[in-house]
Structure formats: structure tokens, C-alpha cells
Protein chains: 2
Amino acid sequence: MINQTDNIETEEKVLDAARDIFQEKGFSGARMDDIAKAAGVNKALLHYYYRSKANLFDRVFKEAFSQFFEKVMGVLSGDLPLDVKIYKIVDMYSSMLLHNKHLPLFVLSEIRENPDHLIEMIKDKRKDALNNLEQQLQEGYENGSIIKISASEFFINLVSLTVFPFLTRPILKGIFEQDERDFEKMINDRRKSVPNMIIKMLRP
Amino acid sequence: MINQTDNIETEEKVLDAARDIFQEKGFSGARMDDIAKAAGVNKALLHYYYRSKANLFDRVFKEAFSQFFEKVMGVLSGDLPLDVKIYKIVDMYSSMLLHNKHLPLFVLSEIRENPDHLIEMIKDKRKDALNNLEQQLQEGYENGSIIKISASEFFINLVSLTVFPFLTRPILKGIFEQDERDFEKMINDRRKSVPNMIIKMLRP
DNA sequence: GTCTATATAACGATAGAC
DNA sequence: GTCTATCGTTATATAGAC
């Protein structure tokens with residue numbers, strides 16, 4: 001298993017380490033040395049498997065980006081009732097981000113660098129999800145069951161309330177003296193309170 | 001005015017340039033060369049006035065951080081009615097961030113580096129603002145005019161809905177095909193819609 | 001106070017032995 | 001496939017002339 005053939009285990013160890021370091025420090029803050037050390041291998045191996053820092057970063061970023069978006073778009077595209085979609089999205093993000101604390105800040109802060117070609121990555125799924133959501137909101141409005149609201153406004157409100165607390169976590173620690181457990185409790189409470197807020201907000 | 005005595009104009013030009021570059025690229029992404037070029041002076045001057053990159057960065061960061069927090073804390077500490085406070089905070093943030101697009105992402109992403117000593121910077125104002133807000137929410141609850149809600153929950157919801165759109169600006173461009181004017185229009189609409197949402201949410 | 005030139009260190013990347 | 005040693009660049013920082 002060692003030598004003579006590509007060592008997949010090593011290749012993965014490197015990728016795992018790269019994910020950790022890049023997501024915590026960003027592209028320009030991360031050091032190839034640190035990634036190598038975290039992976040428990042030599043620096044030269046990173047280049048052997050991934051050729052360059054930019055290349056390795058790209059792998060990590062694309063993965064993080066799709067993790068951050070594709071599931072949500074999937075839920076929005078489906079044909080579940082609106083309130084179920086709301087609960088699902090809040091729940092999904094809460095679980096995902098509790099286990100991957102640096103993800104949202106990483107994605108958002110690295111996006112400035114390549115603001116263009118990321119659009120390609122969502123363009124397909126985007127249309128489906130939005131058309132579907134827009135129609136659903138329109139129907140609800142014509143039913144008289146909800147107020148008139150655009151898909152973008154609805155989407156932004158929902159994601160803001162769900163994701164923002166993760167971005168401000170170190171600050172919340174300072175302002176409200178939240179420790180780790182307090183924070184988790186708050187997030188778990190918000191799995192119910194955020195959907196309730198959104199639904200209340202939609203009521204005519 | 002030139003030579004012989006400290007040239008305050010130059011010192012400020014450097015600080016202005018540093019603010020621009022640091023806020024756009026972050027500490028490790030920023031280059032002293034770029035700052036010098038943006039200030040229209042030689043690289044050696046940056047060290048003459050500010051000694052080191054870390055030192056210059058510190059100036060910029062502290063300023064940005066207090067800009068991001070102190071005003072809000074001031075409003076919360078005052079004795080305005082709750083709904084007025086809500087409108088004021090949303091309005092303040094919207095105006096500030098429309099003119100300083102990189103501020104929130106800059107503050108949030110650089111905070112990981114020094115998560116500790118920033119707590120010092122808010123500790124004083126924090127207590128006043130929170131006690132005041134907590135009492136106000138408690139009174140409203142006893143009046144029967146609003147639901148029971150903690151100060152932290154209230155605060156997070158308010159700031160999330162106000163600030164988050166600025167963090168996702170390049171993405172909104174991709175998902176909703178928003179151009180610059182669309183974005184500004186959306187933010188200006190939210191000066192009313194966000195307070196309305198928050199108030200609606202508070203209703204029993 | 002401002003510049004040019006240069007020292008010094010850090011980092012990404014490659015060569016070559018095993 | 002993995003390591004050590006090293007090259008080449010780029011960045012921060014300083015020395016010294018004006």
C-alpha cells in the first residue's frame with residue numbers, strides 16, 4: 001500500500017489539512033508549510049499532488065461553495081409546501097454550520113477575489129429554484145394566505161437570520177458573554193424561532 | 001509646510017490608502033507596495049510614519065471596529081422608544097455601509113486573528129446598552145405590547161437583517177442579477193421593511 | 001520629510017536522492 | 001511516493017543620500 005502506487009490516503013490527508021487551514025486563514029493568510037505540517041507530511045508533497053497553492057485552494061473553495069449553496073437551491077426547487085421549505089433550510093444550515101464553523105465567512109470573504117467565475121457555478125440551479133419560489137409566493141399571495149413579497153427579499157431574510165449568527169460568533173462571545181454551549185443552544189433554539197418569525201412576517 | 005516638520009498631509013494620505021487596501025484585501029492580502037502606490041508616496045515612508053505593517057493595520061482595524069459598533073451601542077443605550085431605536089439602527093447601518101462597502105466583511109473576517117483583545121474595546125459600552133435594552137423589552141412584555149424576547153435574540157435578528165445583505169452583495173449579483181442600482185434600491189427599501197418586520201415579529 | 005538602494009526574511013516551488 | 005536541500009521571488013523593513 002505504501003510507495004510504488006499513488007497513495008490515496010496521503011492525497012486525502014493533504015486535502016483535509018488544506019481545507020482546515022484555508023477555511024480558517026483564507027488564501028493569502030494560509031501557508032503551504034502549515035498545511036503540510038497539519039497533514040503530517042512534507043511540503044514538497046503538496047506540490048506533488050496538487051501542483052500549486054492556487055490549484056489546491058481552488059479544490060477547497062469550489063467544494064465549500066457548492067456545499068454552501070447547492071443543498072439550499074435543491075430544497076427551493078422542490079415541490080414542498082412553503083413552510084416546510086422554510087423549516088428545512090433553517091435546519092440544514094444550522095446543522096451544516098455547527099459542524100463547519102468557518103464555512104460561511106470563508107466563502108463570503110474569498111468570493112471577492114473571483115467574483116466573476118463563481119456565477120457560472122450557480123447559474124443552472126439558480127433559475128429553477130427562483131422560478132419555483134417566485135411562483136409559490138405568488139400563489140400564496142393570490143390565495144390571500146401571505147403578503148406580497150419578492151423571491152429575493154424572502155430569500156435574503158431567511159438566509160440572513162439563519163447564517164448571520166455564525167459570522168458574528170466571536171463577537172457574540174464578547175457582547176453577550178456566550179460560551180460554546182450557549183452559542184449552540186441559541187442556534188438550536190433558532191431552528192424553531194427563525195421559521196416562526198419568517199412565517200409570522202409573511203402573514204397578511 | 002513641506003519638509004523640516006512632520007507632514008501631516010502625507011501621514012493622512014498614507015492612512016487613507018491603508019484603509020482602502022486593508023479593507024479590500026485584508027491584512028495578509030494587502031501589500032505595503034500597493035498602499036504606498038495608492039497614497040502616491042514611497043514605500044519607505046509608510047515605515048517612517050507607522051513603523052510596521054502590523055502597526056498600520058492596527059490603526060485601521062481599531063477605527064473600523066469602533067465605527068461598526070459604537071454608534072449602535074450608543075443608540076441602544078439612549079432612552080428613545082423601542083420602535084424609534086429600531087428605525088435608527090437600521091437607518092444608520094444602511095447609510096454607513098452604503099458608503100463603506102467593505103467594512104462589515106473586513107471587521108468580521110479579521111476578527112478571528114485577534115479574537116481576544118477586541119473584547120476590551122466593547123466591554124464598557126456593552127453593559128449600558130444591554131441593560132437598557134433588556135429593561136425596555138421586559139417593560140414591553142409586561143405591558144402586553146410585545147412578546148417575551150431576550151436582548152441578545154432581539155439584537156441578533158435586527159442586525160442580521162440589516163447587515164447580512166452587504167456581506168452577500170457579490171452573490172446577490174449572481175443569483176438575482178442585481179446590478180449596483182438594484183442593490184442600492186433594495187437597501188433603501190429595507191430601511192422601512194426591516195423595521196416593519198422586526199416590529200411585526202415582536203407583536204404578541 | 002522623502003527618496004533610492006539594499007538587507008533580511010518568508011514563502012512557493014523545483015531538483016534530486018532514496 | 002516521500003524526503004532533504006535549495007532556488008527564485010516577493011515582501012517587509014532598514015540605511016543612507018538628498
# chains A, B, ... in the order shown; residues from 1 in each chain; ligands from 1
$ calpha_fit_and_write --fixed "chain B" --moving "chain A" --output "PDB file with C-alpha atoms, in the first residue's frame"
ATOM      1  CA  MET A   1       4.730  73.319   4.392  1.00  0.00           C
ATOM      2  CA  ILE A   2       6.906  70.747   2.716  1.00  0.00           C
ATOM      3  CA  ASN A   3       9.919  69.173   4.419  1.00  0.00           C
ATOM      4  CA  GLN A   4      11.494  70.401   7.644  1.00  0.00           C
ATOM      5  CA  THR A   5       8.357  69.584   9.673  1.00  0.00           C
ATOM      6  CA  ASP A   6       6.029  66.589   9.863  1.00  0.00           C
ATOM      7  CA  ASN A   7       3.886  66.522   6.802  1.00  0.00           C
ATOM      8  CA  ILE A   8       0.452  65.765   8.159  1.00  0.00           C
ATOM      9  CA  GLU A   9      -1.020  65.667   4.716  1.00  0.00           C
ATOM     10  CA  THR A  10       1.220  62.771   3.758  1.00  0.00           C
ATOM     11  CA  GLU A  11       0.583  60.940   6.978  1.00  0.00           C
ATOM     12  CA  GLU A  12      -3.142  61.114   6.286  1.00  0.00           C
ATOM     13  CA  LYS A  13      -2.772  60.112   2.667  1.00  0.00           C
ATOM     14  CA  VAL A  14      -0.992  56.998   3.826  1.00  0.00           C
ATOM     15  CA  LEU A  15      -3.678  56.202   6.364  1.00  0.00           C
ATOM     16  CA  ASP A  16      -6.408  56.692   3.778  1.00  0.00           C
ATOM     17  CA  ALA A  17      -4.673  54.379   1.352  1.00  0.00           C
ATOM     18  CA  ALA A  18      -4.083  51.822   4.084  1.00  0.00           C
ATOM     19  CA  ARG A  19      -7.769  51.882   4.930  1.00  0.00           C
ATOM     20  CA  ASP A  20      -8.708  51.194   1.330  1.00  0.00           C
ATOM     21  CA  ILE A  21      -6.251  48.390   0.781  1.00  0.00           C
ATOM     22  CA  PHE A  22      -6.616  46.661   4.143  1.00  0.00           C
ATOM     23  CA  GLN A  23     -10.391  46.757   4.035  1.00  0.00           C
ATOM     24  CA  GLU A  24     -10.443  45.261   0.589  1.00  0.00           C
ATOM     25  CA  LYS A  25      -7.735  42.621   0.948  1.00  0.00           C
ATOM     26  CA  GLY A  26      -7.395  41.980   4.648  1.00  0.00           C
ATOM     27  CA  PHE A  27      -4.167  42.038   6.620  1.00  0.00           C
ATOM     28  CA  SER A  28      -2.368  39.157   4.955  1.00  0.00           C
ATOM     29  CA  GLY A  29      -3.679  39.936   1.489  1.00  0.00           C
ATOM     30  CA  ALA A  30      -2.556  43.557   1.595  1.00  0.00           C
ATOM     31  CA  ARG A  31       0.902  44.617   0.366  1.00  0.00           C
ATOM     32  CA  MET A  32       2.822  47.565   1.714  1.00  0.00           C
ATOM     33  CA  ASP A  33       3.797  48.289  -1.878  1.00  0.00           C
ATOM     34  CA  ASP A  34       0.162  48.592  -2.903  1.00  0.00           C
ATOM     35  CA  ILE A  35      -0.594  50.939  -0.035  1.00  0.00           C
ATOM     36  CA  ALA A  36       2.364  53.119  -0.956  1.00  0.00           C
ATOM     37  CA  LYS A  37       1.298  53.192  -4.570  1.00  0.00           C
ATOM     38  CA  ALA A  38      -2.298  54.050  -3.627  1.00  0.00           C
ATOM     39  CA  ALA A  39      -1.020  56.855  -1.424  1.00  0.00           C
ATOM     40  CA  GLY A  40       1.283  58.103  -4.184  1.00  0.00           C
ATOM     41  CA  VAL A  41       4.371  57.918  -2.012  1.00  0.00           C
ATOM     42  CA  ASN A  42       7.373  55.693  -1.478  1.00  0.00           C
ATOM     43  CA  LYS A  43       7.205  52.487   0.489  1.00  0.00           C
ATOM     44  CA  ALA A  44       9.801  53.668   2.978  1.00  0.00           C
ATOM     45  CA  LEU A  45       7.488  56.435   4.082  1.00  0.00           C
ATOM     46  CA  LEU A  46       4.967  53.992   5.428  1.00  0.00           C
ATOM     47  CA  HIS A  47       7.566  52.782   7.868  1.00  0.00           C
ATOM     48  CA  TYR A  48       8.686  56.293   8.629  1.00  0.00           C
ATOM     49  CA  TYR A  49       5.196  57.229   9.791  1.00  0.00           C
ATOM     50  CA  TYR A  50       3.825  53.952  11.087  1.00  0.00           C
ATOM     51  CA  ARG A  51       6.885  51.791  11.785  1.00  0.00           C
ATOM     52  CA  SER A  52       5.397  48.440  10.743  1.00  0.00           C
ATOM     53  CA  LYS A  53       2.614  46.825   8.766  1.00  0.00           C
ATOM     54  CA  ALA A  54       1.068  45.409  11.925  1.00  0.00           C
ATOM     55  CA  ASN A  55       1.033  48.845  13.481  1.00  0.00           C
ATOM     56  CA  LEU A  56      -0.580  50.490  10.487  1.00  0.00           C
ATOM     57  CA  PHE A  57      -3.141  47.729  10.305  1.00  0.00           C
ATOM     58  CA  ASP A  58      -3.973  48.164  13.944  1.00  0.00           C
ATOM     59  CA  ARG A  59      -4.869  51.791  13.377  1.00  0.00           C
ATOM     60  CA  VAL A  60      -7.183  50.875  10.538  1.00  0.00           C
ATOM     61  CA  PHE A  61      -8.798  47.975  12.309  1.00  0.00           C
ATOM     62  CA  LYS A  62      -9.512  49.746  15.588  1.00  0.00           C
ATOM     63  CA  GLU A  63     -11.109  52.606  13.726  1.00  0.00           C
ATOM     64  CA  ALA A  64     -13.258  50.273  11.635  1.00  0.00           C
ATOM     65  CA  PHE A  65     -14.283  48.247  14.605  1.00  0.00           C
ATOM     66  CA  SER A  66     -15.466  51.180  16.640  1.00  0.00           C
ATOM     67  CA  GLN A  67     -17.217  52.613  13.615  1.00  0.00           C
ATOM     68  CA  PHE A  68     -19.061  49.341  13.316  1.00  0.00           C
ATOM     69  CA  PHE A  69     -20.126  49.161  16.960  1.00  0.00           C
ATOM     70  CA  GLU A  70     -20.035  52.328  18.954  1.00  0.00           C
ATOM     71  CA  LYS A  71     -22.886  54.156  17.282  1.00  0.00           C
ATOM     72  CA  VAL A  72     -25.225  51.201  17.621  1.00  0.00           C
ATOM     73  CA  MET A  73     -24.366  50.746  21.235  1.00  0.00           C
ATOM     74  CA  GLY A  74     -24.979  54.440  21.730  1.00  0.00           C
ATOM     75  CA  VAL A  75     -28.469  54.239  20.269  1.00  0.00           C
ATOM     76  CA  LEU A  76     -29.330  51.173  22.322  1.00  0.00           C
ATOM     77  CA  SER A  77     -28.125  52.872  25.496  1.00  0.00           C
ATOM     78  CA  GLY A  78     -30.248  55.960  24.958  1.00  0.00           C
ATOM     79  CA  ASP A  79     -33.786  56.332  26.256  1.00  0.00           C
ATOM     80  CA  LEU A  80     -35.694  56.445  23.000  1.00  0.00           C
ATOM     81  CA  PRO A  81     -38.811  54.310  22.515  1.00  0.00           C
ATOM     82  CA  LEU A  82     -38.065  50.842  21.200  1.00  0.00           C
ATOM     83  CA  ASP A  83     -39.510  51.357  17.743  1.00  0.00           C
ATOM     84  CA  VAL A  84     -37.510  54.542  17.258  1.00  0.00           C
ATOM     85  CA  LYS A  85     -34.332  52.727  18.211  1.00  0.00           C
ATOM     86  CA  ILE A  86     -35.110  50.072  15.646  1.00  0.00           C
ATOM     87  CA  TYR A  87     -35.562  52.587  12.858  1.00  0.00           C
ATOM     88  CA  LYS A  88     -32.463  54.486  13.879  1.00  0.00           C
ATOM     89  CA  ILE A  89     -30.216  51.447  13.907  1.00  0.00           C
ATOM     90  CA  VAL A  90     -31.361  50.166  10.540  1.00  0.00           C
ATOM     91  CA  ASP A  91     -31.016  53.617   9.071  1.00  0.00           C
ATOM     92  CA  MET A  92     -27.571  54.216  10.507  1.00  0.00           C
ATOM     93  CA  TYR A  93     -26.162  50.923   9.324  1.00  0.00           C
ATOM     94  CA  SER A  94     -27.684  51.313   5.888  1.00  0.00           C
ATOM     95  CA  SER A  95     -26.164  54.740   5.382  1.00  0.00           C
ATOM     96  CA  MET A  96     -22.815  53.813   6.842  1.00  0.00           C
ATOM     97  CA  LEU A  97     -22.411  50.618   4.849  1.00  0.00           C
ATOM     98  CA  LEU A  98     -23.601  52.098   1.578  1.00  0.00           C
ATOM     99  CA  HIS A  99     -20.645  54.445   1.854  1.00  0.00           C
ATOM    100  CA  ASN A 100     -18.215  51.877   3.169  1.00  0.00           C
ATOM    101  CA  LYS A 101     -18.907  48.662   1.376  1.00  0.00           C
ATOM    102  CA  HIS A 102     -16.061  46.556   2.702  1.00  0.00           C
ATOM    103  CA  LEU A 103     -16.481  47.460   6.348  1.00  0.00           C
ATOM    104  CA  PRO A 104     -18.538  44.563   7.714  1.00  0.00           C
ATOM    105  CA  LEU A 105     -16.679  41.777   5.933  1.00  0.00           C
ATOM    106  CA  PHE A 106     -13.392  43.362   6.916  1.00  0.00           C
ATOM    107  CA  VAL A 107     -14.277  43.591  10.581  1.00  0.00           C
ATOM    108  CA  LEU A 108     -15.768  40.122  10.752  1.00  0.00           C
ATOM    109  CA  SER A 109     -13.020  38.348   8.889  1.00  0.00           C
ATOM    110  CA  GLU A 110     -10.133  40.022  10.687  1.00  0.00           C
ATOM    111  CA  ILE A 111     -11.658  39.438  14.073  1.00  0.00           C
ATOM    112  CA  ARG A 112     -10.625  35.802  14.167  1.00  0.00           C
ATOM    113  CA  GLU A 113      -7.000  36.836  14.328  1.00  0.00           C
ATOM    114  CA  ASN A 114      -7.347  38.738  17.596  1.00  0.00           C
ATOM    115  CA  PRO A 115     -10.564  37.387  19.049  1.00  0.00           C
ATOM    116  CA  ASP A 116      -9.471  38.272  22.558  1.00  0.00           C
ATOM    117  CA  HIS A 117      -8.365  41.838  22.949  1.00  0.00           C
ATOM    118  CA  LEU A 118     -11.284  43.163  20.953  1.00  0.00           C
ATOM    119  CA  ILE A 119     -13.525  42.248  23.815  1.00  0.00           C
ATOM    120  CA  GLU A 120     -11.832  44.989  25.786  1.00  0.00           C
ATOM    121  CA  MET A 121     -12.969  47.503  23.200  1.00  0.00           C
ATOM    122  CA  ILE A 122     -16.671  46.967  23.752  1.00  0.00           C
ATOM    123  CA  LYS A 123     -16.815  45.855  27.336  1.00  0.00           C
ATOM    124  CA  ASP A 124     -17.721  49.268  28.742  1.00  0.00           C
ATOM    125  CA  LYS A 125     -20.470  50.311  26.377  1.00  0.00           C
ATOM    126  CA  ARG A 126     -21.819  46.812  26.189  1.00  0.00           C
ATOM    127  CA  LYS A 127     -23.245  46.662  29.706  1.00  0.00           C
ATOM    128  CA  ASP A 128     -25.135  49.929  29.464  1.00  0.00           C
ATOM    129  CA  ALA A 129     -26.626  49.126  26.106  1.00  0.00           C
ATOM    130  CA  LEU A 130     -27.718  45.651  27.083  1.00  0.00           C
ATOM    131  CA  ASN A 131     -29.177  46.500  30.445  1.00  0.00           C
ATOM    132  CA  ASN A 132     -31.144  49.288  28.904  1.00  0.00           C
ATOM    133  CA  LEU A 133     -32.425  47.144  26.053  1.00  0.00           C
ATOM    134  CA  GLU A 134     -33.252  44.228  28.295  1.00  0.00           C
ATOM    135  CA  GLN A 135     -35.296  46.423  30.576  1.00  0.00           C
ATOM    136  CA  GLN A 136     -37.127  47.961  27.656  1.00  0.00           C
ATOM    137  CA  LEU A 137     -38.040  44.554  26.266  1.00  0.00           C
ATOM    138  CA  GLN A 138     -39.137  43.358  29.672  1.00  0.00           C
ATOM    139  CA  GLU A 139     -41.387  46.381  30.172  1.00  0.00           C
ATOM    140  CA  GLY A 140     -42.950  45.894  26.773  1.00  0.00           C
ATOM    141  CA  TYR A 141     -43.636  42.299  27.648  1.00  0.00           C
ATOM    142  CA  GLU A 142     -45.272  43.217  30.953  1.00  0.00           C
ATOM    143  CA  ASN A 143     -47.377  45.824  29.138  1.00  0.00           C
ATOM    144  CA  GLY A 144     -48.557  43.079  26.875  1.00  0.00           C
ATOM    145  CA  SER A 145     -47.376  45.128  23.890  1.00  0.00           C
ATOM    146  CA  ILE A 146     -44.693  42.677  22.693  1.00  0.00           C
ATOM    147  CA  ILE A 147     -43.765  39.021  23.043  1.00  0.00           C
ATOM    148  CA  LYS A 148     -41.125  37.796  25.458  1.00  0.00           C
ATOM    149  CA  ILE A 149     -37.712  37.951  23.838  1.00  0.00           C
ATOM    150  CA  SER A 150     -34.161  38.179  25.108  1.00  0.00           C
ATOM    151  CA  ALA A 151     -31.955  41.148  24.302  1.00  0.00           C
ATOM    152  CA  SER A 152     -29.489  38.944  22.442  1.00  0.00           C
ATOM    153  CA  GLU A 153     -32.128  37.362  20.225  1.00  0.00           C
ATOM    154  CA  PHE A 154     -33.646  40.729  19.446  1.00  0.00           C
ATOM    155  CA  PHE A 155     -30.281  42.274  18.697  1.00  0.00           C
ATOM    156  CA  ILE A 156     -29.121  39.451  16.463  1.00  0.00           C
ATOM    157  CA  ASN A 157     -32.306  39.470  14.422  1.00  0.00           C
ATOM    158  CA  LEU A 158     -32.153  43.198  13.910  1.00  0.00           C
ATOM    159  CA  VAL A 159     -28.507  43.313  12.907  1.00  0.00           C
ATOM    160  CA  SER A 160     -28.742  40.175  10.750  1.00  0.00           C
ATOM    161  CA  LEU A 161     -31.473  41.602   8.565  1.00  0.00           C
ATOM    162  CA  THR A 162     -29.677  44.909   8.257  1.00  0.00           C
ATOM    163  CA  VAL A 163     -26.055  43.930   7.723  1.00  0.00           C
ATOM    164  CA  PHE A 164     -26.151  40.547   6.007  1.00  0.00           C
ATOM    165  CA  PRO A 165     -27.166  41.837   2.566  1.00  0.00           C
ATOM    166  CA  PHE A 166     -23.944  43.848   2.437  1.00  0.00           C
ATOM    167  CA  LEU A 167     -21.907  40.724   3.066  1.00  0.00           C
ATOM    168  CA  THR A 168     -23.537  38.840   0.214  1.00  0.00           C
ATOM    169  CA  ARG A 169     -23.501  41.630  -2.271  1.00  0.00           C
ATOM    170  CA  PRO A 170     -21.346  39.967  -4.954  1.00  0.00           C
ATOM    171  CA  ILE A 171     -23.471  36.839  -4.646  1.00  0.00           C
ATOM    172  CA  LEU A 172     -26.754  38.680  -4.934  1.00  0.00           C
ATOM    173  CA  LYS A 173     -25.355  40.124  -8.105  1.00  0.00           C
ATOM    174  CA  GLY A 174     -24.961  36.569  -9.377  1.00  0.00           C
ATOM    175  CA  ILE A 175     -28.223  35.094  -8.133  1.00  0.00           C
ATOM    176  CA  PHE A 176     -30.668  37.901  -8.705  1.00  0.00           C
ATOM    177  CA  GLU A 177     -28.798  39.740 -11.446  1.00  0.00           C
ATOM    178  CA  GLN A 178     -28.717  42.851  -9.308  1.00  0.00           C
ATOM    179  CA  ASP A 179     -26.576  45.678 -10.554  1.00  0.00           C
ATOM    180  CA  GLU A 180     -25.293  48.531  -8.426  1.00  0.00           C
ATOM    181  CA  ARG A 181     -28.477  50.567  -8.641  1.00  0.00           C
ATOM    182  CA  ASP A 182     -30.709  47.594  -7.879  1.00  0.00           C
ATOM    183  CA  PHE A 183     -28.696  46.884  -4.794  1.00  0.00           C
ATOM    184  CA  GLU A 184     -28.943  50.443  -3.526  1.00  0.00           C
ATOM    185  CA  LYS A 185     -32.646  50.484  -4.176  1.00  0.00           C
ATOM    186  CA  MET A 186     -33.043  47.258  -2.237  1.00  0.00           C
ATOM    187  CA  ILE A 187     -31.109  48.643   0.721  1.00  0.00           C
ATOM    188  CA  ASN A 188     -33.154  51.812   0.719  1.00  0.00           C
ATOM    189  CA  ASP A 189     -36.369  49.797   0.619  1.00  0.00           C
ATOM    190  CA  ARG A 190     -35.114  47.816   3.556  1.00  0.00           C
ATOM    191  CA  ARG A 191     -34.817  50.952   5.674  1.00  0.00           C
ATOM    192  CA  LYS A 192     -38.561  50.645   6.029  1.00  0.00           C
ATOM    193  CA  SER A 193     -39.250  46.958   5.512  1.00  0.00           C
ATOM    194  CA  VAL A 194     -36.741  45.670   8.059  1.00  0.00           C
ATOM    195  CA  PRO A 195     -38.082  47.767  10.951  1.00  0.00           C
ATOM    196  CA  ASN A 196     -41.590  46.769   9.931  1.00  0.00           C
ATOM    197  CA  MET A 197     -40.615  43.109  10.001  1.00  0.00           C
ATOM    198  CA  ILE A 198     -38.982  43.414  13.390  1.00  0.00           C
ATOM    199  CA  ILE A 199     -41.970  45.218  14.837  1.00  0.00           C
ATOM    200  CA  LYS A 200     -44.371  42.690  13.334  1.00  0.00           C
ATOM    201  CA  MET A 201     -42.266  39.906  14.751  1.00  0.00           C
ATOM    202  CA  LEU A 202     -42.478  41.439  18.220  1.00  0.00           C
ATOM    203  CA  ARG A 203     -46.263  41.625  18.192  1.00  0.00           C
ATOM    204  CA  PRO A 204     -47.948  39.143  20.559  1.00  0.00           C
TER     205      PRO A 204
END
$ residues_around --residues "D:DC7" --least-positions-apart "5" --cutoff "10 Å" --atoms "only C-alpha atoms (C1' of nucleotides)" --output "number ranges by chain"
C: 13-15
$ select_by_dssp --residues "stretch 12-194 of chain A" --states "alpha helix (DSSP H)" --output "ChimeraX atom specification"
/A:12-29,32-39,43-50,53-77,82-98,103-110,117-143,151-167,169-176,180-194
$ atom_distance --atom1 "atom C1' of C:DC3" --atom2 "atom C1' of D:DA11"
19.2 Å
$ interface_residues --of "chain D" --to "chain A" --cutoff "12 Å" --atoms "only C-alpha atoms (C1' of nucleotides)" --output "ChimeraX atom specification"
/D:1-5
$ write_last_selection --atoms "C-alpha atoms (C1' of nucleotides)" --output "JSON list (two decimals), in the first residue's frame"
[["chain", "number", "residue", "atom", "x", "y", "z"],
["D", 1, "DG", "C1'", 5.73, 8.19, -3.18],
["D", 2, "DT", "C1'", 8.34, 10.78, 0.13],
["D", 3, "DC", "C1'", 12.07, 13.19, 1.80],
["D", 4, "DT", "C1'", 16.10, 17.00, 2.14],
["D", 5, "DA", "C1'", 18.14, 20.72, 0.19]]
$ decode --residues "stretch 110-124 of chain B" --atoms "N, CA and C atoms" --output "PDB file, in the first residue's frame"
ATOM      1  N   GLU B 110     -11.382  39.758   9.903  1.00  0.00           N
ATOM      2  CA  GLU B 110     -10.108  39.995  10.586  1.00  0.00           C
ATOM      3  C   GLU B 110     -10.193  39.730  12.086  1.00  0.00           C
ATOM      4  N   ILE B 111     -11.406  39.563  12.550  1.00  0.00           N
ATOM      5  CA  ILE B 111     -11.605  39.405  13.985  1.00  0.00           C
ATOM      6  C   ILE B 111     -11.075  38.069  14.495  1.00  0.00           C
ATOM      7  N   ARG B 112     -11.056  37.086  13.602  1.00  0.00           N
ATOM      8  CA  ARG B 112     -10.543  35.771  14.025  1.00  0.00           C
ATOM      9  C   ARG B 112      -9.109  35.857  14.512  1.00  0.00           C
ATOM     10  N   GLU B 113      -8.345  36.719  13.850  1.00  0.00           N
ATOM     11  CA  GLU B 113      -6.916  36.841  14.179  1.00  0.00           C
ATOM     12  C   GLU B 113      -6.719  37.261  15.638  1.00  0.00           C
ATOM     13  N   ASN B 114      -7.380  38.334  16.035  1.00  0.00           N
ATOM     14  CA  ASN B 114      -7.282  38.750  17.451  1.00  0.00           C
ATOM     15  C   ASN B 114      -8.637  38.657  18.127  1.00  0.00           C
ATOM     16  N   PRO B 115      -9.125  37.469  18.364  1.00  0.00           N
ATOM     17  CA  PRO B 115     -10.474  37.371  18.931  1.00  0.00           C
ATOM     18  C   PRO B 115     -10.538  37.820  20.385  1.00  0.00           C
ATOM     19  N   ASP B 116      -9.395  37.978  21.004  1.00  0.00           N
ATOM     20  CA  ASP B 116      -9.396  38.258  22.444  1.00  0.00           C
ATOM     21  C   ASP B 116      -9.449  39.745  22.794  1.00  0.00           C
ATOM     22  N   HIS B 117      -8.419  40.462  22.353  1.00  0.00           N
ATOM     23  CA  HIS B 117      -8.294  41.822  22.874  1.00  0.00           C
ATOM     24  C   HIS B 117      -9.355  42.767  22.327  1.00  0.00           C
ATOM     25  N   LEU B 118     -10.148  42.302  21.382  1.00  0.00           N
ATOM     26  CA  LEU B 118     -11.224  43.171  20.913  1.00  0.00           C
ATOM     27  C   LEU B 118     -12.338  43.266  21.936  1.00  0.00           C
ATOM     28  N   ILE B 119     -12.420  42.230  22.755  1.00  0.00           N
ATOM     29  CA  ILE B 119     -13.466  42.246  23.777  1.00  0.00           C
ATOM     30  C   ILE B 119     -13.314  43.469  24.675  1.00  0.00           C
ATOM     31  N   GLU B 120     -12.068  43.819  24.937  1.00  0.00           N
ATOM     32  CA  GLU B 120     -11.802  45.016  25.740  1.00  0.00           C
ATOM     33  C   GLU B 120     -12.501  46.245  25.163  1.00  0.00           C
ATOM     34  N   MET B 121     -12.500  46.302  23.835  1.00  0.00           N
ATOM     35  CA  MET B 121     -12.943  47.518  23.158  1.00  0.00           C
ATOM     36  C   MET B 121     -14.431  47.786  23.318  1.00  0.00           C
ATOM     37  N   ILE B 122     -15.205  46.751  23.600  1.00  0.00           N
ATOM     38  CA  ILE B 122     -16.644  46.984  23.723  1.00  0.00           C
ATOM     39  C   ILE B 122     -17.159  46.806  25.136  1.00  0.00           C
ATOM     40  N   LYS B 123     -16.324  46.311  25.996  1.00  0.00           N
ATOM     41  CA  LYS B 123     -16.789  45.896  27.309  1.00  0.00           C
ATOM     42  C   LYS B 123     -17.551  47.004  28.052  1.00  0.00           C
ATOM     43  N   ASP B 124     -17.043  48.233  27.964  1.00  0.00           N
ATOM     44  CA  ASP B 124     -17.672  49.326  28.695  1.00  0.00           C
ATOM     45  C   ASP B 124     -19.092  49.610  28.195  1.00  0.00           C
TER      46      ASP B 124
END
